[in-house]
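Here is my_file-v3.cif, consisting of mmCIF, C-alpha atoms and all ligand atoms:
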```
data_work
loop_
_atom_site.label_atom_id
_atom_site.label_comp_id
_atom_site.auth_asym_id
_atom_site.auth_seq_id
_atom_site.Cartn_x
_atom_site.Cartn_y
_atom_site.Cartn_z
CA MET J 125 2.00 12.70 30.71
CA ARG J 126 -0.99 12.06 28.47
CA THR J 127 -1.68 9.13 26.17
CA ALA J 128 -1.94 10.32 22.58
CA THR J 129 -5.54 10.55 21.40
CA ARG J 130 -4.94 8.08 18.57
CA VAL J 131 -4.14 5.38 21.14
CA ALA J 132 -6.31 6.38 24.11
CA GLY J 133 -9.58 4.49 24.15
CA GLN J 134 -8.20 1.46 22.28
CA GLY J 135 -9.07 -1.50 24.48
CA LEU J 136 -8.24 -5.17 24.84
CA SER J 137 -9.29 -7.15 21.77
CA PRO J 138 -12.74 -8.73 22.34
CA ILE J 139 -11.18 -12.00 21.20
CA ARG J 140 -8.69 -11.97 24.07
CA ARG J 141 -11.48 -10.81 26.38
CA MET J 142 -13.48 -14.02 25.77
CA ALA J 143 -10.47 -15.98 27.01
CA LEU J 144 -10.38 -14.05 30.32
CA ASP J 145 -12.38 -15.56 33.20
CA ALA J 146 -13.17 -18.69 31.17
CA PRO J 147 -14.11 -21.50 33.57
CA PRO J 148 -11.67 -24.43 33.77
CA GLY J 149 -12.10 -27.19 31.18
CA VAL J 150 -13.56 -24.91 28.51
CA VAL J 151 -12.65 -25.88 24.95
CA ASP J 152 -11.27 -22.87 23.10
CA LEU J 153 -12.63 -22.41 19.57
CA GLY J 154 -11.94 -18.71 19.80
CA LEU J 155 -8.36 -18.04 18.77
CA GLY J 156 -7.69 -17.92 15.03
CA GLU J 157 -4.45 -19.85 14.99
CA PRO J 158 -3.47 -23.01 13.13
CA GLY J 159 -3.25 -25.86 15.62
CA TRP J 160 -0.98 -28.03 13.50
CA ARG J 161 2.77 -27.76 13.33
CA PRO J 162 4.73 -26.81 10.25
CA PRO J 163 7.66 -29.07 9.34
CA ASP J 164 10.53 -28.61 11.75
CA VAL J 165 12.75 -25.86 10.42
CA GLY J 166 14.69 -25.54 13.72
CA GLN J 167 18.45 -25.73 13.79
CA ALA J 168 19.17 -26.56 10.18
CA ALA J 169 17.34 -23.52 8.80
CA VAL J 170 18.85 -20.97 11.09
CA GLU J 171 22.33 -22.41 11.61
CA GLY J 172 24.95 -20.00 10.36
CA THR J 173 22.40 -17.25 9.79
CA SER J 174 24.08 -13.88 9.93
CA LEU J 175 22.92 -11.79 12.85
CA ASP J 176 23.75 -8.48 11.25
CA TYR J 177 20.86 -6.21 10.34
CA GLY J 178 20.79 -7.34 6.74
CA PRO J 179 19.13 -5.34 4.01
CA ASN J 180 16.11 -3.17 4.96
CA THR J 181 14.31 -4.93 2.16
CA SER J 182 15.09 -8.33 3.79
CA ASP J 183 17.13 -11.25 2.47
CA PRO J 184 17.00 -11.20 -1.35
CA ALA J 185 16.58 -15.01 -1.33
CA LEU J 186 13.44 -14.66 0.80
CA VAL J 187 12.10 -11.88 -1.43
CA ALA J 188 12.70 -14.09 -4.48
CA ALA J 189 10.97 -17.06 -2.82
CA ILE J 190 7.90 -14.95 -2.03
CA ALA J 191 7.86 -13.60 -5.59
CA ARG J 192 8.05 -17.19 -6.92
CA SER J 193 5.27 -18.35 -4.63
CA ALA J 194 3.04 -15.53 -5.91
CA SER J 195 3.89 -16.26 -9.53
CA PRO J 196 5.76 -19.48 -10.28
CA ALA J 197 6.08 -18.32 -13.91
CA GLY J 198 8.26 -15.41 -12.74
CA GLY J 199 5.73 -12.62 -13.15
CA VAL J 200 6.58 -10.83 -9.90
CA ALA J 201 9.75 -8.72 -9.57
CA ALA J 202 11.69 -8.30 -6.31
CA GLU J 203 10.71 -4.61 -6.15
CA GLU J 204 7.06 -5.65 -6.02
CA VAL J 205 7.57 -7.55 -2.74
CA MET J 206 7.70 -5.85 0.66
CA VAL J 207 8.59 -8.30 3.44
CA THR J 208 7.20 -7.28 6.82
CA ALA J 209 7.01 -8.41 10.45
CA GLY J 210 3.78 -10.35 9.85
CA SER J 211 1.08 -9.11 7.51
CA GLN J 212 -0.07 -7.04 10.47
CA ALA J 213 3.01 -4.84 10.03
CA ALA J 214 2.26 -4.58 6.29
CA LEU J 215 -1.22 -3.34 7.23
CA TYR J 216 0.23 -0.88 9.73
CA ALA J 217 2.75 0.45 7.23
CA LEU J 218 0.21 0.79 4.41
CA PHE J 219 -2.33 2.49 6.67
CA GLN J 220 0.29 4.93 7.98
CA ALA J 221 1.46 5.63 4.45
CA TYR J 222 -1.99 6.19 2.89
CA ALA J 223 -4.72 6.84 5.49
CA GLU J 224 -4.60 10.62 5.81
CA PRO J 225 -5.84 11.99 9.19
CA GLY J 226 -9.50 12.96 8.80
CA SER J 227 -10.02 10.61 5.85
CA VAL J 228 -12.23 7.51 5.75
CA VAL J 229 -10.97 3.92 5.60
CA LEU J 230 -13.58 1.50 4.30
CA VAL J 231 -13.41 -1.79 6.19
CA PRO J 232 -15.57 -4.92 5.97
CA ASP J 233 -18.34 -5.17 8.57
CA PRO J 234 -18.01 -7.74 10.03
CA GLY J 235 -14.23 -7.78 9.56
CA PHE J 236 -10.83 -8.44 11.10
CA VAL J 237 -10.60 -6.41 14.31
CA ALA J 238 -7.26 -4.78 13.47
CA TYR J 239 -8.55 -2.76 10.50
CA PRO J 240 -10.60 -0.17 12.46
CA THR J 241 -7.90 0.08 15.12
CA LEU J 242 -5.20 0.74 12.54
CA ALA J 243 -7.37 3.38 10.86
CA ARG J 244 -7.96 5.19 14.16
CA MET J 245 -4.24 5.11 14.88
CA CYS J 246 -3.81 7.19 11.72
CA GLY J 247 -6.44 9.69 12.84
CA ALA J 248 -8.71 8.33 10.10
CA THR J 249 -12.28 7.12 10.54
CA PRO J 250 -13.07 3.47 9.87
CA VAL J 251 -16.43 3.06 8.10
CA GLY J 252 -17.83 -0.45 7.72
CA TYR J 253 -19.22 -1.64 4.40
CA PRO J 254 -21.71 -4.52 4.39
CA LEU J 255 -20.99 -7.96 2.97
CA ALA J 256 -23.32 -10.23 1.04
CA ALA J 257 -25.25 -12.86 3.00
CA GLY J 258 -22.70 -15.51 3.89
CA GLY J 259 -19.88 -12.95 4.09
CA ASP J 260 -18.87 -12.84 0.42
CA LEU J 261 -17.75 -9.53 -1.09
CA ASP J 262 -20.73 -7.53 -2.38
CA PRO J 263 -19.19 -5.20 -4.98
CA ASP J 264 -22.37 -3.12 -5.32
CA ALA J 265 -22.40 -2.35 -1.60
CA LEU J 266 -18.70 -1.46 -1.59
CA VAL J 267 -18.89 0.73 -4.69
CA ALA J 268 -21.94 2.47 -3.19
CA ALA J 269 -20.00 3.10 0.03
CA LEU J 270 -17.15 4.56 -2.03
CA GLY J 271 -19.64 6.88 -3.71
CA GLU J 272 -21.00 8.04 -0.36
CA GLN J 273 -17.65 8.45 1.39
CA ARG J 274 -15.99 11.07 -0.77
CA HIS J 275 -12.95 11.36 1.52
CA THR J 276 -11.97 7.72 1.38
CA SER J 277 -8.19 7.19 1.35
CA LEU J 278 -8.04 3.39 1.61
CA VAL J 279 -10.28 0.36 1.11
CA VAL J 280 -9.57 -3.00 2.72
CA LEU J 281 -10.84 -6.30 1.36
CA ASN J 282 -10.38 -9.59 3.14
CA HIS J 283 -11.02 -12.87 1.38
CA PRO J 284 -11.15 -15.67 2.38
CA ALA J 285 -12.53 -13.61 5.21
CA ASN J 286 -11.95 -13.51 8.91
CA PRO J 287 -14.46 -13.93 10.54
CA THR J 288 -17.02 -15.07 7.94
CA GLY J 289 -14.95 -17.31 5.64
CA GLY J 290 -16.55 -15.34 2.79
CA LEU J 291 -14.92 -15.16 -0.64
CA ALA J 292 -14.70 -12.68 -3.51
CA SER J 293 -15.34 -13.59 -7.15
CA ALA J 294 -12.91 -12.46 -9.85
CA GLU J 295 -15.64 -10.20 -11.29
CA ALA J 296 -16.32 -8.60 -7.91
CA LEU J 297 -12.61 -7.97 -7.36
CA ALA J 298 -12.18 -6.42 -10.82
CA ARG J 299 -15.14 -4.13 -10.27
CA VAL J 300 -13.88 -2.90 -6.89
CA ALA J 301 -10.33 -2.45 -8.24
CA ASP J 302 -11.63 -0.29 -11.10
CA ALA J 303 -13.76 1.80 -8.75
CA CYS J 304 -10.79 2.42 -6.42
CA ALA J 305 -8.47 3.24 -9.32
CA GLU J 306 -10.98 5.75 -10.72
CA ARG J 307 -11.06 7.58 -7.40
CA GLY J 308 -7.33 7.32 -6.63
CA VAL J 309 -7.99 5.24 -3.50
CA LEU J 310 -5.53 2.56 -2.35
CA LEU J 311 -7.05 -0.93 -2.37
CA VAL J 312 -5.53 -3.43 0.07
CA SER J 313 -6.58 -7.03 -0.50
CA ASP J 314 -5.82 -9.10 2.59
CA GLU J 315 -5.48 -12.66 1.29
CA VAL J 316 -3.60 -14.25 4.20
CA TYR J 317 -5.94 -17.30 4.24
CA ALA J 318 -5.91 -17.81 0.46
CA GLU J 319 -3.69 -20.90 0.41
CA LEU J 320 -5.94 -22.75 2.88
CA TRP J 321 -8.49 -23.73 0.25
CA VAL J 322 -10.44 -26.93 0.49
CA GLU J 323 -11.46 -27.72 -3.09
CA ARG J 324 -10.16 -24.94 -5.31
CA ARG J 325 -7.94 -21.90 -5.07
CA PRO J 326 -9.99 -18.73 -4.49
CA ALA J 327 -9.64 -15.76 -6.84
CA SER J 328 -6.93 -13.22 -6.01
CA LEU J 329 -6.93 -9.53 -6.79
CA ARG J 330 -3.69 -10.21 -8.66
CA ASP J 331 -5.55 -12.46 -11.12
CA VAL J 332 -7.70 -9.61 -12.34
CA SER J 333 -5.95 -6.30 -11.75
CA ALA J 334 -2.57 -4.64 -11.48
CA GLU J 335 -4.17 -2.18 -9.05
CA GLY J 336 -3.88 -2.42 -5.29
CA VAL J 337 -1.73 -4.34 -2.88
CA VAL J 338 -2.16 -8.00 -1.93
CA LEU J 339 -1.13 -9.30 1.50
CA GLY J 340 0.23 -12.76 2.31
CA SER J 341 1.68 -14.37 5.42
CA MET J 342 3.56 -17.29 6.93
CA SER J 343 1.01 -17.30 9.76
CA LYS J 344 -1.89 -19.31 8.35
CA ALA J 345 -1.10 -21.73 5.50
CA PHE J 346 2.50 -22.18 6.64
CA ALA J 347 1.24 -22.58 10.23
CA ALA J 348 4.04 -20.40 11.57
CA PRO J 349 2.49 -17.28 13.10
CA GLY J 350 5.31 -16.98 15.63
CA LEU J 351 7.81 -16.24 12.87
CA ARG J 352 6.08 -12.89 12.34
CA ILE J 353 6.78 -12.85 8.61
CA GLY J 354 4.29 -11.50 6.11
CA TRP J 355 4.43 -9.53 2.90
CA ALA J 356 2.72 -7.09 0.59
CA LEU J 357 2.79 -7.41 -3.21
CA GLY J 358 2.20 -4.36 -5.33
CA ASP J 359 3.53 -1.64 -7.58
CA PRO J 360 7.00 -0.58 -6.29
CA GLU J 361 5.92 3.08 -6.28
CA VAL J 362 2.87 2.26 -4.17
CA LEU J 363 4.97 0.21 -1.75
CA ALA J 364 7.76 2.83 -1.42
CA PRO J 365 6.13 5.04 1.29
CA ALA J 366 5.00 1.96 3.22
CA ARG J 367 8.59 0.66 3.17
CA LEU J 368 9.67 3.90 4.83
CA VAL J 369 7.14 3.33 7.62
CA HIS J 370 8.13 -0.31 8.07
CA ASN J 371 11.83 0.55 8.16
CA ALA J 372 11.19 3.30 10.72
CA MET J 373 9.15 0.89 12.80
CA THR J 374 11.30 -2.24 12.80
CA THR J 375 14.15 -1.89 10.26
CA ALA J 376 13.49 -5.40 8.92
CA PRO J 377 12.03 -8.65 10.26
CA SER J 378 14.24 -10.89 12.42
CA ARG J 379 17.02 -12.58 10.47
CA LEU J 380 16.28 -15.92 12.13
CA SER J 381 12.63 -15.68 11.13
CA GLN J 382 13.59 -14.75 7.60
CA ALA J 383 15.79 -17.85 7.39
CA ALA J 384 13.07 -20.12 8.74
CA ALA J 385 10.46 -18.58 6.41
CA LEU J 386 12.76 -19.15 3.44
CA THR J 387 13.07 -22.84 4.36
CA LEU J 388 9.29 -23.20 4.63
CA LEU J 389 8.68 -21.39 1.35
CA GLU J 390 11.23 -23.61 -0.39
CA ALA J 391 9.24 -26.60 0.89
CA ALA J 392 5.90 -25.06 -0.12
CA GLU J 393 5.07 -27.95 -2.46
CA ASP J 394 4.89 -30.21 0.59
CA VAL J 395 3.86 -27.75 3.30
CA LEU J 396 0.82 -26.21 1.59
CA PRO J 397 -0.91 -29.48 0.59
CA ALA J 398 -0.31 -30.75 4.14
CA SER J 399 -1.95 -27.62 5.57
CA ARG J 400 -4.88 -27.99 3.17
CA ALA J 401 -5.32 -31.56 4.34
CA GLN J 402 -5.46 -30.26 7.92
CA VAL J 403 -8.16 -27.78 7.01
CA ARG J 404 -10.14 -30.41 5.04
CA GLU J 405 -10.06 -32.72 8.04
CA ARG J 406 -11.58 -29.98 10.23
CA TRP J 407 -14.38 -29.13 7.78
CA GLY J 408 -15.01 -32.87 7.51
CA ALA J 409 -15.45 -32.95 11.30
CA VAL J 410 -18.15 -30.26 11.02
CA ASP J 411 -20.01 -32.33 8.42
CA ARG J 412 -19.67 -35.44 10.57
CA LEU J 413 -20.30 -34.11 14.07
CA ALA J 414 -22.58 -31.13 13.55
CA PRO J 415 -24.22 -31.37 10.11
CA HIS J 416 -27.26 -29.39 11.22
CA LEU J 417 -25.35 -26.24 12.25
CA PRO J 418 -26.70 -23.29 10.21
CA THR J 419 -23.46 -21.84 8.88
CA SER J 420 -23.21 -18.88 6.59
CA GLY J 421 -21.88 -21.14 3.84
CA GLN J 422 -25.26 -22.80 3.71
CA ARG J 423 -27.13 -21.87 0.56
CA PHE J 424 -30.87 -21.93 0.20
CA VAL J 425 -32.89 -23.80 -2.36
CA GLY J 426 -36.00 -22.77 -4.32
CA ASP J 427 -38.74 -22.31 -1.77
CA GLY J 428 -36.43 -20.83 0.83
CA HIS J 429 -36.19 -24.16 2.59
CA GLN J 430 -32.82 -24.53 4.25
CA LYS J 431 -30.79 -27.27 2.72
CA PRO J 432 -27.42 -27.70 4.39
CA MET J 433 -24.65 -28.09 1.84
CA SER J 434 -21.43 -29.87 2.62
CA ARG J 435 -19.34 -27.52 4.71
CA THR J 436 -16.37 -28.37 2.55
CA ALA J 437 -17.81 -27.09 -0.74
CA GLY J 438 -16.10 -23.90 -1.89
CA ARG J 439 -14.45 -23.34 1.47
CA ALA J 440 -11.17 -21.69 2.38
CA GLY J 441 -9.71 -20.85 5.75
CA PHE J 442 -10.82 -22.28 9.06
CA TYR J 443 -13.63 -20.08 10.33
CA LEU J 444 -17.16 -21.31 10.78
CA TRP J 445 -19.54 -18.33 10.81
CA LEU J 446 -22.43 -19.63 12.76
CA ALA J 447 -25.88 -18.06 12.98
CA LEU J 448 -27.35 -18.13 16.47
CA PRO J 449 -30.09 -20.75 16.90
CA GLY J 450 -33.19 -19.67 14.98
CA ASP J 451 -31.46 -16.56 13.81
CA LEU J 452 -31.30 -16.79 10.02
CA ASP J 453 -34.05 -15.37 7.87
CA GLY J 454 -34.88 -16.84 4.47
CA ASP J 455 -32.06 -14.92 2.77
CA GLY J 456 -29.42 -16.21 5.11
CA ARG J 457 -29.16 -12.90 6.99
CA ALA J 458 -29.17 -12.60 10.78
CA ARG J 459 -32.40 -11.40 12.35
CA HIS J 460 -31.03 -8.47 14.30
CA ASP J 461 -34.25 -7.78 16.16
CA GLU J 462 -33.98 -11.05 18.07
CA HIS J 463 -30.29 -10.94 18.83
CA GLY J 464 -28.85 -7.46 18.85
CA GLY J 465 -25.24 -6.98 19.90
CA SER J 466 -25.79 -7.67 23.58
CA GLY J 467 -27.89 -10.77 22.78
CA THR J 468 -25.06 -12.15 20.67
CA GLU J 469 -22.50 -11.56 23.41
CA ALA J 470 -24.80 -13.00 26.08
CA PHE J 471 -25.28 -16.14 23.99
CA ALA J 472 -21.50 -16.54 23.48
CA LEU J 473 -20.98 -16.21 27.23
CA ARG J 474 -23.68 -18.82 27.97
CA LEU J 475 -22.13 -21.15 25.46
CA ARG J 476 -18.77 -20.67 27.17
CA ASP J 477 -19.92 -20.88 30.78
CA GLU J 478 -22.73 -23.47 30.48
CA GLY J 479 -21.75 -25.26 27.27
CA GLY J 480 -18.00 -25.33 27.93
CA VAL J 481 -16.87 -23.95 24.58
CA THR J 482 -15.41 -20.55 23.75
CA THR J 483 -16.47 -18.89 20.51
CA ILE J 484 -16.29 -15.22 19.55
CA PRO J 485 -19.49 -13.15 19.36
CA GLY J 486 -19.89 -11.80 15.82
CA THR J 487 -20.28 -8.28 17.20
CA ALA J 488 -16.57 -8.35 18.13
CA PHE J 489 -16.01 -7.88 14.38
CA GLY J 490 -18.45 -5.00 13.89
CA PRO J 491 -22.18 -4.37 14.23
CA GLY J 492 -22.77 -6.44 11.07
CA GLY J 493 -21.75 -9.52 13.08
CA ALA J 494 -24.86 -9.40 15.33
CA GLY J 495 -26.62 -12.75 15.37
CA PHE J 496 -23.48 -14.75 14.52
CA LEU J 497 -20.59 -16.45 16.28
CA ARG J 498 -17.12 -17.05 14.88
CA VAL J 499 -15.98 -20.59 15.54
CA SER J 500 -12.33 -21.21 14.81
CA LEU J 501 -11.64 -24.71 13.52
CA GLY J 502 -7.91 -23.98 13.46
CA GLY J 503 -6.98 -25.74 16.70
CA PRO J 504 -5.81 -29.33 17.20
CA VAL J 505 -8.36 -31.82 15.75
CA PRO J 506 -9.35 -33.51 19.06
CA GLN J 507 -10.03 -30.08 20.54
CA VAL J 508 -12.08 -28.99 17.51
CA GLU J 509 -14.05 -32.26 17.60
CA GLU J 510 -14.80 -31.92 21.29
CA GLY J 511 -15.83 -28.28 20.81
CA LEU J 512 -18.20 -29.25 17.99
CA ARG J 513 -19.73 -32.03 20.11
CA ARG J 514 -20.41 -29.45 22.84
CA LEU J 515 -21.80 -26.89 20.38
CA ALA J 516 -24.12 -29.16 18.42
CA PRO J 517 -26.91 -29.68 21.02
CA TRP J 518 -27.48 -25.92 21.31
CA TRP J 519 -28.69 -25.88 17.73
CA GLU J 520 -30.95 -28.88 18.06
CA ALA J 521 -34.59 -27.83 18.12
C1 LIG M 601 -7.52 -11.32 8.10
C2 LIG M 601 -6.21 -11.25 8.80
N1 LIG M 601 -5.26 -10.44 8.32
C3 LIG M 601 -4.07 -10.33 8.90
C4 LIG M 601 -3.78 -11.05 10.04
C5 LIG M 601 -2.45 -10.85 10.68
O1 LIG M 601 -1.65 -11.96 10.46
P1 LIG M 601 -0.06 -11.97 10.63
O2 LIG M 601 0.38 -10.64 11.12
O3 LIG M 601 0.23 -13.05 11.59
O4 LIG M 601 0.48 -12.25 9.25
C6 LIG M 601 -4.72 -11.92 10.58
C7 LIG M 601 -4.44 -12.67 11.82
O5 LIG M 601 -5.28 -13.28 12.42
C8 LIG M 601 -5.98 -12.02 9.95
O6 LIG M 601 -6.93 -12.84 10.41
#
```
In structure tokens, write the structure found in this file.
Amino acid sequence: MRTATRVAGQGLSPIRRMALDAPPGVVDLGLGEPGWRPPDVGQAAVEGTSLDYGPNTSDPALVAAIARSASPAGGVAAEEVMVTAGSQAALYALFQAYAEPGSVVLVPDPGFVAYPTLARMCGATPVGYPLAAGGDLDPDALVAALGEQRHTSLVVLNHPANPTGGLASAEALARVADACAERGVLLVSDEVYAELWVERRPASLRDVSAEGVVLGSMSKAFAAPGLRIGWALGDPEVLAPARLVHNAMTTAPSRLSQAAALTLLEAAEDVLPASRAQVRERWGAVDRLAPHLPTSGQRFVGDGHQKPMSRTAGRAGFYLWLALPGDLDGDGRARHDEHGGSGTEAFALRLRDEGGVTTIPGTAFGPGGAGFLRVSLGGPVPQVEEGLRRLAPWWEA
């Protein structure tokens, strides 16, 4: 028996690896999971739920609720919604449907660890495209990568981004959407953190283009990752082959999860502001407990002098993308010569074993993450506060 090539060589996620062998008492700021509870949807939501398979396309009431949440004015039709077993399954289905073996999938570098894995599982080659300093989408860099990689089948965007927290402007999204459309390349815009904004809603691909597919999830803003419910929004014809993959893989998400997700979506007017308040509280803790940390969200003024901005300004999501001590040059980019990949990992291990706090080395997300750590502020507030207290002295001169 031989493991298929597309799977052989895929290892344990570097994020899980940081959790292995952690000394006792370490505070975990590694895992990217909301540490607050959604409203209790227990018994009431699932009582009486049918346990038959249900439609392959999921409960029509859930589909309608997702469509409404994407466009309260009714601009999204049921056929434009594909409900999946977490947005991860939407990614899997879209990759399987569109990433031809031998083709290139353009993924953000640094970016969410699943994208390159999913590309390889299709026999495609993941190629990283660079982000702007701070992790925002750099449309010039992405369009240039598209020009160089003639065999690109699929482009993935992620904003607000994991791991950088970077965003994408409406203009940048429109430009990338046009470039993908011109070349007949599928654009997947992973927006699973979009509802966790601090001050204002970030731009969505849907605001500026009918091209591409936008991903959403119950896992982040609804704080219910265990439901394993996510979705893709897009042209029904684009979604059709991905639906075939998803149906072949899992038929449809669990009926109980669908029922619970419907209850949460129907309470979105309460649930989402409560989740945003949770995220605001965590960014407030960064400002309060570790104002000197050089995060990627820090902008630079006039003479290149670093002037820390409030960590809450223009934020979304719960990732702090933290440059290693002394590791930002005047443009806010990591100085790779001082901390190459192994230096970044060694620093994360020291921080864990001597400083008592687990973070994720930026290199876990691609070579572009050298010189940075991802700090998840998603956990319970006392844990996040204690982790920040332990982190802060390492950045004091
Ligand atoms: C950027 C991004 N996309 C997708 C996912 C998958 O989320 P889920 O399958 O829980 O919806 C995650 C999970 O961490 C993520 O960070």
Considering all atoms listed in the file, tabulate each residue of chain J that lies at most 7 Å from ligand LIG 601 (chain M) along with its nearest interatomic pair and the corresponding distance in Å to one decimal; arrange the rows by chain and ascending residue number and present them as CSV.
```
residue,atom,partner,partner_atom,distance
J:Gly156,CA,M:LIG601,O5,5.8
J:Gly210,CA,M:LIG601,O2,3.6
J:Ser211,CA,M:LIG601,O4,3.6
J:Gln212,CA,M:LIG601,O2,3.7
J:Ala213,CA,M:LIG601,O2,6.5
J:Phe236,CA,M:LIG601,C1,5.3
J:Asn282,CA,M:LIG601,C1,6.0
J:Ala285,CA,M:LIG601,C1,6.2
J:Asn286,CA,M:LIG601,C1,5.0
J:Asp314,CA,M:LIG601,N1,5.9
J:Val316,CA,M:LIG601,N1,5.9
J:Gly340,CA,M:LIG601,O4,7.0
J:Ser341,CA,M:LIG601,O4,4.5
J:Met342,CA,M:LIG601,O4,6.3
J:Ser343,CA,M:LIG601,O3,4.7
J:Pro349,CA,M:LIG601,O3,5.0
J:Arg352,CA,M:LIG601,O3,5.9
J:Ile353,CA,M:LIG601,O4,6.4
J:Gly354,CA,M:LIG601,O4,5.0
```
Find the residues of range 126-235 of chain J that sit at most 8 Å from range 478-484 of chain J; for each, write down the nearest two atoms and how far apart they are in Å, to one decimal. Count only C-alpha atoms. Sort by chain, then by number going up, and give it as JSON lines.
```
{"residue": "J:Pro138", "atom": "CA", "partner": "J:Ile484", "partner_atom": "CA", "distance": 7.9}
{"residue": "J:Ile139", "atom": "CA", "partner": "J:Ile484", "partner_atom": "CA", "distance": 6.3}
{"residue": "J:Met142", "atom": "CA", "partner": "J:Ile484", "partner_atom": "CA", "distance": 6.9}
{"residue": "J:Ala143", "atom": "CA", "partner": "J:Thr482", "partner_atom": "CA", "distance": 7.5}
{"residue": "J:Ala146", "atom": "CA", "partner": "J:Thr482", "partner_atom": "CA", "distance": 8.0}
{"residue": "J:Pro147", "atom": "CA", "partner": "J:Gly480", "partner_atom": "CA", "distance": 7.8}
{"residue": "J:Gly149", "atom": "CA", "partner": "J:Gly480", "partner_atom": "CA", "distance": 7.0}
{"residue": "J:Val150", "atom": "CA", "partner": "J:Gly480", "partner_atom": "CA", "distance": 4.5}
{"residue": "J:Val151", "atom": "CA", "partner": "J:Val481", "partner_atom": "CA", "distance": 4.7}
{"residue": "J:Asp152", "atom": "CA", "partner": "J:Thr482", "partner_atom": "CA", "distance": 4.8}
{"residue": "J:Leu153", "atom": "CA", "partner": "J:Thr483", "partner_atom": "CA", "distance": 5.3}
{"residue": "J:Gly154", "atom": "CA", "partner": "J:Thr483", "partner_atom": "CA", "distance": 4.6}
```
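Compared by their closest atoms to Val505 in chain J, and using all atoms listed in the file, the residues J:Asp477, J:Glu405, J:Asp411, J:Glu323 rank with J:Glu405 nearest.
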- Please return, as a PyMOL selection string, all polymer residues that have at least one atom within 9 Å of the point (-25.5, -30.9, 12.3); use only C-alpha atoms and the file's own coordinate frame. chain J and resi 410-418+432+516-517+519-520
- Among the residues J:Ala440, J:Val395, J:Ala347, J:Leu473, the one that comes closest to Arg324 in chain J [using all atoms listed in the file]: J:Ala440
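Considering the residues J:Val280, J:Ala447, J:Val403, J:Leu512 and counting all atoms listed in the file, Ser313 in chain J has its shortest atom-to-atom contact with J:Val280.
Here the question is which of J:Leu475, J:Met206, J:Ala383, J:Ala327 gets nearest to Thr181 in chain J using all atoms listed in the file, and that residue is J:Met206.
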